[in-house]
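Working notes, beginning with the structure itself.
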Amino acid sequence: MPNTIIIGSGSYIPTKIIGREHFMDSVFYTDEGDEIDKPNEEIIQKFVDITEIENRRYLEDDEFNSDLGYRAAKEAIADANIDQEEIDYIIYASNFGEVDRNGMTNFMPSMSARVKNKLGIQNRTCVNYDMIFGCPGWVEAMILADTLIKAKKAKLILVVGSETLSRVTDAFDRNKMIFADGAGAVVVKATDEENVGIIADATYCDNNVELNYLENAPSLKKDEDRRPLYIRMHGRKIYEYALKYVPDAIKETIDKADLTIDDIDKILIHQANAKMDYAMISRLHKLYGKSDYDHDIAPMTIQEFGNSSVATIPTMFDLIRKGNMKGHQFKDKGNIVFASVGAGMNINAIVYRFP
């Protein structure tokens, strides 16, 4: 059975830096629809204290999701040094599709078809496939790619994660300060080399009472037009859910790979909220009987890039792989973990071993 290895990566981080001053004139409302009677400086500082997000990146007015995905994909293809006409599948993870400046979402044509078009790929047997799976979408796309390769349905797959969340946030919601834009991509390839690449994975879907912890909803300001729907996050419920289930899911995946936490060099966890990420990594180590750990095991980009959903993990992977994240590097033959949690609620994890 073939294994799945990453042979190229790319990312696109928008150049527009959005700091706290961008939100100083905002009017914030509670979940109950009441205006928050506190100075914005206080609201913003409390937000930074919890999330550690000082800056985030937004796309330009004339850019679209597929533009970001195209740039990351083009870089990954060049890095892999392949003929793009030999790509068997393009799997594109996104949750809102091609969002215009008015917040209208569009999945027709699909995002994968759009990026195939922008790349100029002529191969009719190159199949385009969209993955809508919440923030864990890129990790799930990697799991699907591995399944296709192990089933010998494909030998070469482009996996993209791209999102433009700045266009789907409610102007009156404090949580808008979490979200950002960006794209990451990898090219994966089938190999006959044993015990390398994706050596273990797991996916869990809790879609009962958890279904609407993340959802689309009208503006918090009740007299606003109720037709547009914005991303709505029930933060406390998400935090409690993630802390309860994500560490267990990661441990089960590591166990499935017949490894322990001591064998893992890096954990690339979805950059959702710094406080939540720290808590999940700490709890994971406690499951192994460790009360302390080297915090370098879990790199963080959220402080400067914000939460770009499906793009956070592939962007971080590309930065580290190319030596562009100070203090972090991957080891030959080393083991890393990809892990994410998000809308659905869905959780997934991968153990990846470098060749």
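Going by the structure tokens order, chains are called A, B, ..., each with residues numbered from 1, while ligands are numbered from 1 in the order shown.
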
I need the strand (DSSP E) residues of segment 242-342 of chain A per DSSP on the backbone, written as a PyMOL selection string. chain A and resi 264-269+335-342

Include N, CA, C and O atoms and write out the residues we just selected as a PDB file, in the first residue's frame.
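Below is the file that was written, out-v6.pdb:
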```pdb
ATOM      1  N   ILE A 264       7.002  13.105  19.460  1.00  0.00           N
ATOM      2  CA  ILE A 264       6.446  14.165  18.621  1.00  0.00           C
ATOM      3  C   ILE A 264       7.299  15.419  18.726  1.00  0.00           C
ATOM      4  O   ILE A 264       7.541  15.937  19.822  1.00  0.00           O
ATOM      5  N   ASP A 265       7.754  15.925  17.581  1.00  0.00           N
ATOM      6  CA  ASP A 265       8.609  17.113  17.561  1.00  0.00           C
ATOM      7  C   ASP A 265       7.804  18.409  17.551  1.00  0.00           C
ATOM      8  O   ASP A 265       8.203  19.395  18.180  1.00  0.00           O
ATOM      9  N   LYS A 266       6.713  18.426  16.810  1.00  0.00           N
ATOM     10  CA  LYS A 266       5.881  19.626  16.713  1.00  0.00           C
ATOM     11  C   LYS A 266       4.411  19.227  16.663  1.00  0.00           C
ATOM     12  O   LYS A 266       4.053  18.206  16.066  1.00  0.00           O
ATOM     13  N   ILE A 267       3.571  20.062  17.272  1.00  0.00           N
ATOM     14  CA  ILE A 267       2.127  19.923  17.142  1.00  0.00           C
ATOM     15  C   ILE A 267       1.610  21.195  16.490  1.00  0.00           C
ATOM     16  O   ILE A 267       1.648  22.268  17.088  1.00  0.00           O
ATOM     17  N   LEU A 268       1.179  21.078  15.259  1.00  0.00           N
ATOM     18  CA  LEU A 268       0.617  22.215  14.539  1.00  0.00           C
ATOM     19  C   LEU A 268      -0.892  22.181  14.737  1.00  0.00           C
ATOM     20  O   LEU A 268      -1.610  21.451  14.053  1.00  0.00           O
ATOM     21  N   ILE A 269      -1.341  22.948  15.710  1.00  0.00           N
ATOM     22  CA  ILE A 269      -2.748  22.957  16.069  1.00  0.00           C
ATOM     23  C   ILE A 269      -3.420  24.192  15.472  1.00  0.00           C
ATOM     24  O   ILE A 269      -2.789  25.244  15.332  1.00  0.00           O
ATOM     25  N   ASN A 335       8.595  13.335  13.628  1.00  0.00           N
ATOM     26  CA  ASN A 335       7.140  13.176  13.656  1.00  0.00           C
ATOM     27  C   ASN A 335       6.479  14.483  14.083  1.00  0.00           C
ATOM     28  O   ASN A 335       6.883  15.096  15.075  1.00  0.00           O
ATOM     29  N   ILE A 336       5.447  14.890  13.362  1.00  0.00           N
ATOM     30  CA  ILE A 336       4.673  16.052  13.746  1.00  0.00           C
ATOM     31  C   ILE A 336       3.188  15.687  13.745  1.00  0.00           C
ATOM     32  O   ILE A 336       2.789  14.662  13.176  1.00  0.00           O
ATOM     33  N   VAL A 337       2.405  16.526  14.399  1.00  0.00           N
ATOM     34  CA  VAL A 337       0.961  16.340  14.454  1.00  0.00           C
ATOM     35  C   VAL A 337       0.273  17.544  13.841  1.00  0.00           C
ATOM     36  O   VAL A 337       0.667  18.689  14.077  1.00  0.00           O
ATOM     37  N   PHE A 338      -0.733  17.288  13.010  1.00  0.00           N
ATOM     38  CA  PHE A 338      -1.683  18.308  12.590  1.00  0.00           C
ATOM     39  C   PHE A 338      -2.976  18.036  13.367  1.00  0.00           C
ATOM     40  O   PHE A 338      -3.442  16.888  13.397  1.00  0.00           O
ATOM     41  N   ALA A 339      -3.576  19.068  13.956  1.00  0.00           N
ATOM     42  CA  ALA A 339      -4.820  18.841  14.691  1.00  0.00           C
ATOM     43  C   ALA A 339      -5.707  20.069  14.626  1.00  0.00           C
ATOM     44  O   ALA A 339      -5.218  21.204  14.676  1.00  0.00           O
ATOM     45  N   SER A 340      -7.023  19.843  14.534  1.00  0.00           N
ATOM     46  CA  SER A 340      -7.937  20.979  14.414  1.00  0.00           C
ATOM     47  C   SER A 340      -9.297  20.655  15.008  1.00  0.00           C
ATOM     48  O   SER A 340      -9.681  19.490  15.157  1.00  0.00           O
ATOM     49  N   VAL A 341     -10.033  21.721  15.317  1.00  0.00           N
ATOM     50  CA  VAL A 341     -11.397  21.613  15.819  1.00  0.00           C
ATOM     51  C   VAL A 341     -12.181  22.784  15.252  1.00  0.00           C
ATOM     52  O   VAL A 341     -11.652  23.873  15.062  1.00  0.00           O
ATOM     53  N   GLY A 342     -13.458  22.536  14.946  1.00  0.00           N
ATOM     54  CA  GLY A 342     -14.249  23.634  14.406  1.00  0.00           C
ATOM     55  C   GLY A 342     -15.677  23.244  14.110  1.00  0.00           C
ATOM     56  O   GLY A 342     -16.161  22.186  14.552  1.00  0.00           O
TER      57      GLY A 342
END
```

So which residues touch Glu60 of chain A within 12 Å, counting only C-alpha atoms, skipping near sequence neighbours fewer than 3 positions away, as a PyMOL selection string? chain A and resi 13-18+57+63-65+67-68+100-101+164+166-167+181-182

Give me the residues near segment 282-298 of chain A as number ranges by chain, where near means some atom within 12 Å (using only C-alpha atoms) and where sequence neighbours in that chain fewer than 2 positions away do not count. A: 242-255, 259-271, 274-280, 300-302, 313, 316-317, 320, 325-330, 335-339

Written file, previous selection with C-alpha atoms, as a PDB file, in the first residue's frame:
```
ATOM      1  CA  ALA A 242     -12.403  21.634  22.648  1.00  0.00           C
ATOM      2  CA  LEU A 243     -10.697  21.222  26.003  1.00  0.00           C
ATOM      3  CA  LYS A 244     -12.737  18.094  26.735  1.00  0.00           C
ATOM      4  CA  TYR A 245     -12.315  16.285  23.421  1.00  0.00           C
ATOM      5  CA  VAL A 246      -9.377  17.570  21.345  1.00  0.00           C
ATOM      6  CA  PRO A 247      -6.527  16.379  23.630  1.00  0.00           C
ATOM      7  CA  ASP A 248      -8.070  12.896  23.735  1.00  0.00           C
ATOM      8  CA  ALA A 249      -8.355  12.849  19.928  1.00  0.00           C
ATOM      9  CA  ILE A 250      -4.717  13.842  19.494  1.00  0.00           C
ATOM     10  CA  LYS A 251      -3.561  11.213  21.996  1.00  0.00           C
ATOM     11  CA  GLU A 252      -5.616   8.513  20.292  1.00  0.00           C
ATOM     12  CA  THR A 253      -3.985   9.416  16.967  1.00  0.00           C
ATOM     13  CA  ILE A 254      -0.492   9.343  18.464  1.00  0.00           C
ATOM     14  CA  ASP A 255      -1.323   6.003  20.091  1.00  0.00           C
ATOM     15  CA  LEU A 259       4.170   6.580  19.444  1.00  0.00           C
ATOM     16  CA  THR A 260       4.106   8.697  22.614  1.00  0.00           C
ATOM     17  CA  ILE A 261       4.244  12.445  23.151  1.00  0.00           C
ATOM     18  CA  ASP A 262       8.036  12.129  23.550  1.00  0.00           C
ATOM     19  CA  ASP A 263       8.226  11.031  19.900  1.00  0.00           C
ATOM     20  CA  ILE A 264       6.446  14.165  18.621  1.00  0.00           C
ATOM     21  CA  ASP A 265       8.609  17.113  17.561  1.00  0.00           C
ATOM     22  CA  LYS A 266       5.881  19.626  16.713  1.00  0.00           C
ATOM     23  CA  ILE A 267       2.127  19.923  17.142  1.00  0.00           C
ATOM     24  CA  LEU A 268       0.617  22.215  14.539  1.00  0.00           C
ATOM     25  CA  ILE A 269      -2.748  22.957  16.069  1.00  0.00           C
ATOM     26  CA  HIS A 270      -5.418  25.154  14.498  1.00  0.00           C
ATOM     27  CA  GLN A 271      -4.837  28.749  15.542  1.00  0.00           C
ATOM     28  CA  ALA A 274      -4.230  31.381  22.143  1.00  0.00           C
ATOM     29  CA  LYS A 275      -5.810  30.676  25.535  1.00  0.00           C
ATOM     30  CA  MET A 276      -7.678  27.667  24.151  1.00  0.00           C
ATOM     31  CA  ASP A 277      -4.660  26.323  22.273  1.00  0.00           C
ATOM     32  CA  TYR A 278      -2.434  26.552  25.354  1.00  0.00           C
ATOM     33  CA  ALA A 279      -5.079  24.748  27.419  1.00  0.00           C
ATOM     34  CA  MET A 280      -5.459  21.923  24.883  1.00  0.00           C
ATOM     35  CA  MET A 300       1.817  29.920  17.398  1.00  0.00           C
ATOM     36  CA  THR A 301       1.025  32.365  14.608  1.00  0.00           C
ATOM     37  CA  ILE A 302      -2.314  33.687  15.851  1.00  0.00           C
ATOM     38  CA  ILE A 313      -2.169  24.946   9.764  1.00  0.00           C
ATOM     39  CA  MET A 316       2.317  27.520   9.606  1.00  0.00           C
ATOM     40  CA  PHE A 317       3.630  24.320   8.031  1.00  0.00           C
ATOM     41  CA  ILE A 320       8.416  26.373   9.321  1.00  0.00           C
ATOM     42  CA  MET A 325       9.394  30.995  11.491  1.00  0.00           C
ATOM     43  CA  LYS A 326      12.163  31.917  13.893  1.00  0.00           C
ATOM     44  CA  GLY A 327      13.081  29.265  16.412  1.00  0.00           C
ATOM     45  CA  HIS A 328      11.211  26.445  14.681  1.00  0.00           C
ATOM     46  CA  GLN A 329      12.279  23.758  12.230  1.00  0.00           C
ATOM     47  CA  PHE A 330      11.315  20.243  11.212  1.00  0.00           C
ATOM     48  CA  ASN A 335       7.140  13.176  13.656  1.00  0.00           C
ATOM     49  CA  ILE A 336       4.673  16.052  13.746  1.00  0.00           C
ATOM     50  CA  VAL A 337       0.961  16.340  14.454  1.00  0.00           C
ATOM     51  CA  PHE A 338      -1.683  18.308  12.590  1.00  0.00           C
ATOM     52  CA  ALA A 339      -4.820  18.841  14.691  1.00  0.00           C
TER      53      ALA A 339
END
```

Within 9 Å of Tyr204 of chain A, counting only C-alpha atoms, which residues qualify if same-chain residues fewer than 6 places away don't, as a list of chain:residue names?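 Returned residues: A:Ala249, A:Met345, A:Asn346, A:Ile347, A:Asn348.
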
Limited to all heavy atoms, could you put the picked residues into a file as a compact mmCIF listing (two decimals), in the first residue's frame?
```
# COMPACT_ATOMS: atom_id res chain seq x y z
N ALA A 249 -8.44 13.22 21.34
CA ALA A 249 -8.36 12.85 19.93
C ALA A 249 -6.91 12.83 19.45
O ALA A 249 -6.50 11.94 18.69
CB ALA A 249 -9.18 13.81 19.08
N MET A 345 -19.88 20.07 15.48
CA MET A 345 -18.45 20.30 15.70
C MET A 345 -17.64 19.10 15.21
O MET A 345 -18.04 17.95 15.42
CB MET A 345 -18.17 20.53 17.18
CG MET A 345 -18.79 21.80 17.73
SD MET A 345 -18.00 23.31 17.11
CE MET A 345 -16.44 23.27 18.00
N ASN A 346 -16.52 19.40 14.61
CA ASN A 346 -15.64 18.36 14.07
C ASN A 346 -14.24 18.49 14.65
O ASN A 346 -13.75 19.61 14.87
CB ASN A 346 -15.57 18.46 12.54
CG ASN A 346 -16.94 18.32 11.89
OD1 ASN A 346 -17.75 17.51 12.32
ND2 ASN A 346 -17.19 19.11 10.86
N ILE A 347 -13.61 17.35 14.86
CA ILE A 347 -12.22 17.29 15.35
C ILE A 347 -11.46 16.31 14.47
O ILE A 347 -11.99 15.26 14.08
CB ILE A 347 -12.16 16.77 16.80
CG1 ILE A 347 -12.89 17.72 17.75
CG2 ILE A 347 -10.72 16.58 17.26
CD1 ILE A 347 -13.06 17.14 19.14
N ASN A 348 -10.22 16.63 14.14
CA ASN A 348 -9.38 15.64 13.46
C ASN A 348 -7.91 15.84 13.80
O ASN A 348 -7.51 16.88 14.33
CB ASN A 348 -9.61 15.64 11.94
CG ASN A 348 -9.50 17.02 11.31
OD1 ASN A 348 -8.89 17.93 11.87
ND2 ASN A 348 -10.10 17.19 10.15
```

Closest to Asn81 of chain A among A:Gly103, A:Pro109, A:Gly134, A:Gly8, using only C-alpha atoms?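 The shortest atom-to-atom distance to Asn81 of chain A comes from A:Gly8.
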
Taking only C-alpha atoms into account, name the residue in A:Asp83, A:Phe354, A:Phe47, A:Asn123 that is nearest to Lys331 of chain A. A:Phe354

Kindly give the distance, in Å, that separates atom CA of Ala202 of chain A and atom CA of Met142 of chain A, rounded to a single decimal.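 Going from atom CA of Ala202 of chain A over to atom CA of Met142 of chain A, I get 11.5 Å.
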
Step one, run DSSP on the backbone; step two, keep only residues of segment 112-145 of chain A assigned to helix (DSSP H, G or I); then write them as JSON, numbers by chain. {"A": [112, 113, 114, 115, 116, 117, 118, 119, 137, 138, 139, 140, 141, 142, 143, 144, 145]}

A:Glu193, A:Asp79, A:Glu32, A:Asp318: which is nearest Pro355 of chain A, counting only C-alpha atoms?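 Ranking A:Glu193, A:Asp79, A:Glu32, A:Asp318 by distance to Pro355 of chain A, first place goes to A:Glu193.
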
Considering only C-alpha atoms, return as a PyMOL selection string whatever protein or nucleic-acid residues lie within 9 Å of Lys74 of chain A, sequence-local ones (same chain, fewer than 6 positions apart) excluded. chain A and resi 10+119+185

Any chance you could export the current selection's all heavy atoms as a short mmCIF file (atom, residue, chain, number, x, y, z; two decimals), in the first residue's frame?
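Result file follows (selection_31.cif):
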```
data_model
loop_
_atom_site.label_atom_id
_atom_site.label_comp_id
_atom_site.auth_asym_id
_atom_site.auth_seq_id
_atom_site.Cartn_x
_atom_site.Cartn_y
_atom_site.Cartn_z
N GLY A 10 3.22 25.86 -0.03
CA GLY A 10 3.15 27.28 -0.34
C GLY A 10 2.13 27.95 0.56
O GLY A 10 1.27 27.30 1.14
N LEU A 119 -4.89 28.30 -12.37
CA LEU A 119 -3.59 27.67 -12.60
C LEU A 119 -3.39 27.32 -14.08
O LEU A 119 -2.27 27.10 -14.51
CB LEU A 119 -3.47 26.39 -11.77
CG LEU A 119 -3.29 26.58 -10.26
CD1 LEU A 119 -3.51 25.25 -9.52
CD2 LEU A 119 -1.91 27.15 -9.93
N ALA A 185 -1.12 25.75 1.08
CA ALA A 185 -1.31 24.62 0.17
C ALA A 185 -0.11 23.68 0.23
O ALA A 185 1.01 24.11 0.54
CB ALA A 185 -1.51 25.10 -1.26
#
```

Which one of A:Ala272, A:Ile157, A:Ile149, A:Gly334 sits closest to Thr191 of chain A if you count only C-alpha atoms?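 Among A:Ala272, A:Ile157, A:Ile149, A:Gly334, it is A:Ile149 that comes nearest to Thr191 of chain A.
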
Excluding Leu156 of chain A and residues on its chain fewer than 6 positions from it, collect all residues at most 7 Å away from it, counting only C-alpha atoms, and give them as a tab-separated table (two decimals) with N, CA, C and O atoms, in the first residue's frame.
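Below is the file result-v2.tsv, written as the result:
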```tsv
chain	number	residue	atom	x	y	z
A	87	ILE	N	-1.31	16.44	-11.94
A	87	ILE	CA	-2.09	16.41	-10.69
A	87	ILE	C	-3.40	15.67	-10.92
A	87	ILE	O	-4.14	15.95	-11.86
A	88	ASP	N	-3.69	14.71	-10.06
A	88	ASP	CA	-4.90	13.89	-10.20
A	88	ASP	C	-6.13	14.52	-9.54
A	88	ASP	O	-7.24	14.39	-10.03
A	188	VAL	N	0.92	16.62	-2.32
A	188	VAL	CA	1.26	15.32	-1.75
A	188	VAL	C	1.41	14.29	-2.87
A	188	VAL	O	0.77	14.39	-3.92
A	189	LYS	N	2.23	13.30	-2.59
A	189	LYS	CA	2.59	12.31	-3.62
A	189	LYS	C	2.60	10.91	-3.02
A	189	LYS	O	2.95	10.72	-1.85
A	190	ALA	N	2.23	9.95	-3.83
A	190	ALA	CA	2.31	8.55	-3.43
A	190	ALA	C	3.76	8.09	-3.44
A	190	ALA	O	4.53	8.44	-4.33
```
